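Undergrad: So here's work-v9.txt (compact mmCIF, C-alpha atoms and all ligand atoms).
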```txt
# COMPACT_ATOMS: atom_id res chain seq x y z
CA MET K 1218 129.38 99.96 112.31
CA LYS K 1219 130.29 103.21 114.02
CA LEU K 1220 128.84 104.62 117.22
CA CYS K 1221 129.34 108.18 118.45
CA VAL K 1222 128.75 108.59 122.22
CA ILE K 1223 128.10 112.14 123.45
CA GLY K 1224 129.02 112.60 127.12
CA LEU K 1225 131.72 110.43 128.66
CA GLY K 1226 130.62 110.43 132.28
CA TYR K 1227 129.50 107.69 134.61
CA ILE K 1228 127.12 106.29 131.97
CA GLY K 1229 128.70 107.34 128.67
CA LEU K 1230 132.29 106.22 129.27
CA PRO K 1231 131.49 102.62 130.31
CA SER K 1232 128.92 102.41 127.49
CA ALA K 1233 131.48 103.60 124.93
CA VAL K 1234 134.09 101.16 126.24
CA PHE K 1235 131.57 98.33 126.37
CA PHE K 1236 130.38 98.78 122.77
CA ALA K 1237 133.98 99.20 121.54
CA SER K 1238 134.88 95.89 123.16
CA HIS K 1239 131.90 94.22 121.44
CA GLY K 1240 132.80 94.94 117.82
CA LEU K 1241 131.70 98.53 117.15
CA HIS K 1242 134.01 101.37 116.20
CA VAL K 1243 133.25 103.96 118.86
CA HIS K 1244 134.05 107.66 118.99
CA GLY K 1245 133.46 109.24 122.41
CA VAL K 1246 132.85 112.98 122.77
CA ASP K 1247 133.03 115.19 125.83
CA ILE K 1248 133.12 118.97 126.23
CA ASP K 1249 135.37 118.51 129.29
CA LEU K 1250 138.85 118.56 127.78
CA GLU K 1251 140.44 117.30 131.00
CA ARG K 1252 138.36 114.14 130.71
CA ILE K 1253 139.40 113.69 127.06
CA GLU K 1254 143.09 114.04 127.98
CA LYS K 1255 142.71 111.59 130.87
CA ILE K 1256 141.13 108.97 128.61
CA LYS K 1257 143.90 109.41 126.04
CA LYS K 1258 146.42 108.79 128.86
CA LYS K 1259 144.36 105.72 129.86
CA GLU K 1260 143.54 107.29 133.23
CA ILE K 1261 140.16 106.43 134.67
CA TYR K 1262 137.77 108.79 136.51
CA VAL K 1263 134.82 106.37 136.73
CA GLU K 1264 135.54 103.78 139.40
CA GLU K 1265 134.14 100.46 138.19
CA THR K 1266 135.79 97.06 138.49
CA GLY K 1267 137.37 96.03 135.19
CA LEU K 1268 136.68 99.31 133.38
CA LYS K 1269 140.29 100.55 133.24
CA GLU K 1270 141.54 97.29 131.73
CA MET K 1271 138.71 97.19 129.19
CA MET K 1272 139.25 100.86 128.28
CA THR K 1273 143.00 100.37 127.84
CA ALA K 1274 142.38 97.42 125.51
CA VAL K 1275 139.96 99.29 123.21
CA LEU K 1276 142.19 102.39 123.11
CA ASP K 1277 145.18 100.21 122.24
CA ASN K 1278 143.40 98.34 119.45
CA GLY K 1279 141.90 101.54 118.02
CA SER K 1280 138.23 100.61 118.43
CA LEU K 1281 137.73 103.58 120.80
CA THR K 1282 138.77 107.13 119.91
CA VAL K 1283 137.84 110.31 121.81
CA SER K 1284 137.70 114.05 121.20
CA ASP K 1285 135.61 117.12 121.95
CA LYS K 1286 133.83 116.98 118.56
CA PRO K 1287 131.31 114.49 117.12
CA VAL K 1288 132.07 112.52 113.95
CA GLU K 1289 129.79 110.96 111.33
CA ALA K 1290 128.53 107.58 112.53
CA ASP K 1291 125.74 105.02 112.12
CA PHE K 1292 124.47 105.53 115.67
CA PHE K 1293 124.58 108.44 118.12
CA LEU K 1294 124.09 107.84 121.83
CA LEU K 1295 123.44 110.87 124.06
CA ALA K 1296 124.49 110.32 127.69
CA VAL K 1297 124.67 113.86 129.05
CA PRO K 1298 123.56 115.08 132.51
CA THR K 1299 119.96 116.03 133.31
CA PRO K 1300 120.28 117.55 136.81
CA VAL K 1301 117.12 118.17 138.80
CA SER K 1302 116.45 121.77 139.83
CA PRO K 1303 115.32 122.81 143.34
CA LEU K 1304 111.80 123.03 141.84
CA LYS K 1305 112.11 119.33 140.88
CA SER K 1306 112.19 119.83 137.13
CA ALA K 1307 114.91 118.35 134.93
CA ASN K 1308 117.44 120.71 133.36
CA LEU K 1309 117.46 119.71 129.69
CA ASP K 1310 120.10 122.25 128.60
CA TYR K 1311 122.77 119.54 128.20
CA VAL K 1312 120.44 117.37 126.10
CA ILE K 1313 119.59 120.36 123.91
CA ARG K 1314 123.25 121.27 123.43
CA ALA K 1315 124.27 117.67 122.70
CA ALA K 1316 121.45 117.29 120.13
CA GLU K 1317 122.47 120.55 118.46
CA MET K 1318 126.08 119.37 118.35
CA ILE K 1319 125.27 116.22 116.38
CA VAL K 1320 122.91 117.81 113.81
CA PRO K 1321 125.70 118.66 111.30
CA TYR K 1322 126.96 115.04 111.48
CA ILE K 1323 123.63 113.27 110.94
CA ARG K 1324 123.25 111.30 107.70
CA LYS K 1325 120.43 109.27 106.15
CA GLY K 1326 119.94 105.95 107.97
CA ASN K 1327 121.27 107.15 111.33
CA LEU K 1328 119.76 106.16 114.68
CA VAL K 1329 119.93 108.65 117.57
CA ILE K 1330 119.48 107.14 121.04
CA LEU K 1331 118.76 109.31 124.09
CA GLU K 1332 120.19 107.53 127.14
CA SER K 1333 119.85 110.35 129.70
CA THR K 1334 117.06 110.26 132.28
CA VAL K 1335 114.41 112.70 131.04
CA PRO K 1336 110.74 113.54 131.69
CA PRO K 1337 108.03 112.00 129.47
CA LEU K 1338 107.65 113.62 126.03
CA THR K 1339 111.22 114.97 125.96
CA VAL K 1340 111.97 112.98 122.79
CA ASN K 1341 108.88 114.32 121.00
CA ASN K 1342 108.97 117.88 122.30
CA VAL K 1343 112.69 118.60 122.67
CA LEU K 1344 114.92 116.11 120.84
CA ILE K 1345 113.00 115.54 117.59
CA PRO K 1346 112.46 119.25 116.82
CA ILE K 1347 116.24 119.76 117.02
CA LEU K 1348 117.05 116.67 114.93
CA LYS K 1349 114.63 117.89 112.25
CA GLN K 1350 117.18 120.63 111.51
CA ALA K 1351 119.16 117.90 109.74
CA ARG K 1352 116.31 117.86 107.17
CA TYR K 1353 115.69 114.11 107.18
CA ILE K 1354 112.27 112.57 107.76
CA ILE K 1355 112.10 111.14 111.28
CA GLY K 1356 111.01 107.50 111.25
CA GLU K 1357 111.77 107.09 107.54
CA GLU K 1358 115.22 108.53 106.84
CA ILE K 1359 116.59 108.83 110.38
CA PHE K 1360 115.44 107.11 113.55
CA VAL K 1361 115.17 108.13 117.19
CA SER K 1362 115.04 105.95 120.29
CA TYR K 1363 114.86 106.46 124.03
CA SER K 1364 116.70 104.00 126.24
CA ALA K 1365 117.00 105.36 129.76
CA GLU K 1366 119.97 103.86 131.59
CA ARG K 1367 119.25 102.01 134.83
CA VAL K 1368 122.48 100.78 136.34
CA LEU K 1369 123.69 100.38 139.89
CA PRO K 1370 127.03 101.99 140.68
CA GLY K 1371 129.57 99.28 141.53
CA SER K 1372 128.34 96.62 139.14
CA LEU K 1373 127.97 98.70 136.02
CA LEU K 1374 129.66 96.44 133.49
CA GLU K 1375 127.58 93.47 134.63
CA GLU K 1376 124.39 95.57 134.50
CA LEU K 1377 125.17 96.86 131.01
CA THR K 1378 125.47 93.24 129.91
CA CYS K 1379 122.51 91.68 131.72
CA ASN K 1380 119.76 94.29 132.21
CA ASP K 1381 116.70 94.07 129.96
CA ARG K 1382 115.65 97.20 128.09
CA VAL K 1383 112.46 98.68 126.71
CA LEU K 1384 113.19 100.54 123.46
CA PRO K 1385 110.50 102.83 122.04
CA THR K 1386 111.73 103.86 118.58
CA ARG K 1387 110.39 105.98 115.75
N1 LIG Y 1401 125.14 107.88 137.26
C1 LIG Y 1401 124.18 106.96 137.34
O1 LIG Y 1401 124.22 106.01 138.14
C2 LIG Y 1401 123.03 107.01 136.40
C3 LIG Y 1401 122.20 105.91 136.38
C4 LIG Y 1401 121.15 105.91 135.51
C5 LIG Y 1401 120.92 107.03 134.70
N2 LIG Y 1401 121.74 108.11 134.75
C6 LIG Y 1401 121.47 109.25 133.86
O2 LIG Y 1401 122.41 109.23 132.81
C7 LIG Y 1401 122.65 110.59 132.38
C8 LIG Y 1401 124.13 110.87 132.43
O3 LIG Y 1401 124.54 110.78 133.79
P1 LIG Y 1401 126.04 110.59 134.22
O4 LIG Y 1401 125.99 110.14 135.63
O5 LIG Y 1401 126.79 109.80 133.19
O6 LIG Y 1401 126.56 112.12 134.15
P2 LIG Y 1401 128.07 112.62 134.38
O7 LIG Y 1401 127.93 113.98 134.96
O8 LIG Y 1401 128.87 111.58 135.08
O9 LIG Y 1401 128.65 112.72 132.89
C9 LIG Y 1401 128.09 113.52 131.90
C10 LIG Y 1401 129.21 113.92 130.94
O10 LIG Y 1401 128.60 114.62 129.84
C11 LIG Y 1401 129.50 115.66 129.46
N3 LIG Y 1401 128.75 116.62 128.66
C12 LIG Y 1401 127.82 117.52 129.03
N4 LIG Y 1401 127.33 118.16 127.96
C13 LIG Y 1401 127.96 117.66 126.86
C14 LIG Y 1401 127.87 117.91 125.47
N5 LIG Y 1401 127.05 118.81 124.95
N6 LIG Y 1401 128.68 117.21 124.64
C15 LIG Y 1401 129.53 116.28 125.13
N7 LIG Y 1401 129.66 116.00 126.46
C16 LIG Y 1401 128.86 116.67 127.30
C17 LIG Y 1401 130.03 116.18 130.78
O11 LIG Y 1401 131.22 116.90 130.60
C18 LIG Y 1401 130.25 114.86 131.55
O12 LIG Y 1401 131.54 114.32 131.31
C19 LIG Y 1401 121.82 111.49 133.31
O13 LIG Y 1401 120.59 111.79 132.68
C20 LIG Y 1401 121.59 110.60 134.52
O14 LIG Y 1401 120.40 110.95 135.21
C21 LIG Y 1401 122.80 108.12 135.57
```
Could you write out this structure as structure tokens?

TA:
Amino acid sequence: MKLCVIGLGYIGLPSAVFFASHGLHVHGVDIDLERIEKIKKKEIYVEETGLKEMMTAVLDNGSLTVSDKPVEADFFLLAVPTPVSPLKSANLDYVIRAAEMIVPYIRKGNLVILESTVPPLTVNNVLIPILKQARYIIGEEIFVSYSAERVLPGSLLEELTCNDRVLPTR
């Protein structure tokens, strides 16, 4: 099974590494080319105990690859920023761009998971209309899920392993 993770920041990089070390083939994507080059050189920019060693292992055994472009996959996980504006609304531009980036790579049977923190109805009103451009029926031919990440900095790998999740999917 192949997973494509969009956004290799504080949430996306450990998630990509974690899934790669648990049997999935993972391709990580970031628009920040400096970050891509650092990962390829096995340099870490997310400080979490054990992450560098785990990342080095999955890069060495080929279960994690990275680039600035998505690839076809079974699952797509979007972990891009959603900064809050001074007026206290979430900036969804990164989510919109990430969703648009994966549309050409979506195939029948795919599951797209939004991991970013977003306001209610973002999946229905923002993500799904973009994914419909791939011309598959949502909920029958391709599937969409929202799984907001809730981890505490400093114990991220443990939290990724142990935290329960609620997964609305259609
Ligand atoms: N950091 C936390 O502790 C934490 C905890 C829970 C939830 N979250 C949420 O998770 C989401 C991601 O946060 P983060 O802290 O990982 O952000 P981050 O800023 O650390 O990383 C985001 C990454 O996404 C990349 N990116 C942006 N647009 C892209 C695109 N179109 N394609 C590919 N890459 C793209 C950026 O270059 C960056 O490397 C946010 O919604 C945040 O609110 C964060």

Undergrad: Leu1384 in chain K: which residues within 7 Å, counting all atoms listed in the file, same-chain residues fewer than 6 positions away excluded, as a list in words?

TA: Ser1362, Tyr1363 and Ser1364 of chain K

Undergrad: So that I can see what lies close to Gly1224 in chain K, please list as a list in words the residues with an atom at most 7 Å from it, counting all atoms listed in the file and leaving out residues fewer than 2 positions away in the same chain.

TA: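 Residues meeting the cut-off are Val1222, Gly1226, Gly1229, Val1246, Asp1247, Leu1295, Ala1296 and Val1297 of chain K.
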
Undergrad: Pick out the residues no farther than 8 Å from ligand LIG 1401 (chain Y), counting only C-alpha atoms and all ligand atoms, and list them as a ChimeraX atom specification.

TA: /K:1223-1230,1246-1249,1252,1285-1286,1296-1300,1311-1316,1318,1332-1335,1365-1370

Undergrad: Which distance in Å separates CA of Val1234 in chain K and CA of Ser1280 in chain K, to one decimal?

TA: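 Between these atoms lies a distance of 8.9 Å.
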
Undergrad: Suppose you want the space between CA of Phe1292 in chain K and CA of Gly1371 in chain K; what is it in Å?

TA: 27.1 Å

Undergrad: Could you check how far CA of Leu1309 in chain K sits from CA of Leu1250 in chain K, in Å to one decimal?

TA: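 CA of Leu1309 in chain K sits 21.5 Å away from CA of Leu1250 in chain K.
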
Undergrad: So which residues are close to (140.3, 96.1, 120.7), meaning at most 10 Å away in the file's coordinates with all atoms listed in the file counted, and can you show them as a PyMOL selection string?

TA: chain K and resi 1234+1237-1242+1271-1281

Undergrad: Rank K:Asp1310, K:Ile1319, K:Ser1372, K:Glu1358 by their smallest atom-to-atom distance to Val1343 in chain K, using all atoms listed in the file, and report the top residue only.

TA: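 Counting all atoms listed in the file, the residue closest to Val1343 in chain K is K:Asp1310.
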
Undergrad: Which residue is closest to Leu1294 in chain K? Choose from K:Lys1219, K:Lys1269, K:Arg1324, K:Lys1258 and count only C-alpha atoms.

TA: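 Checking each candidate against Leu1294 in chain K, we get K:Lys1219 as the closest.
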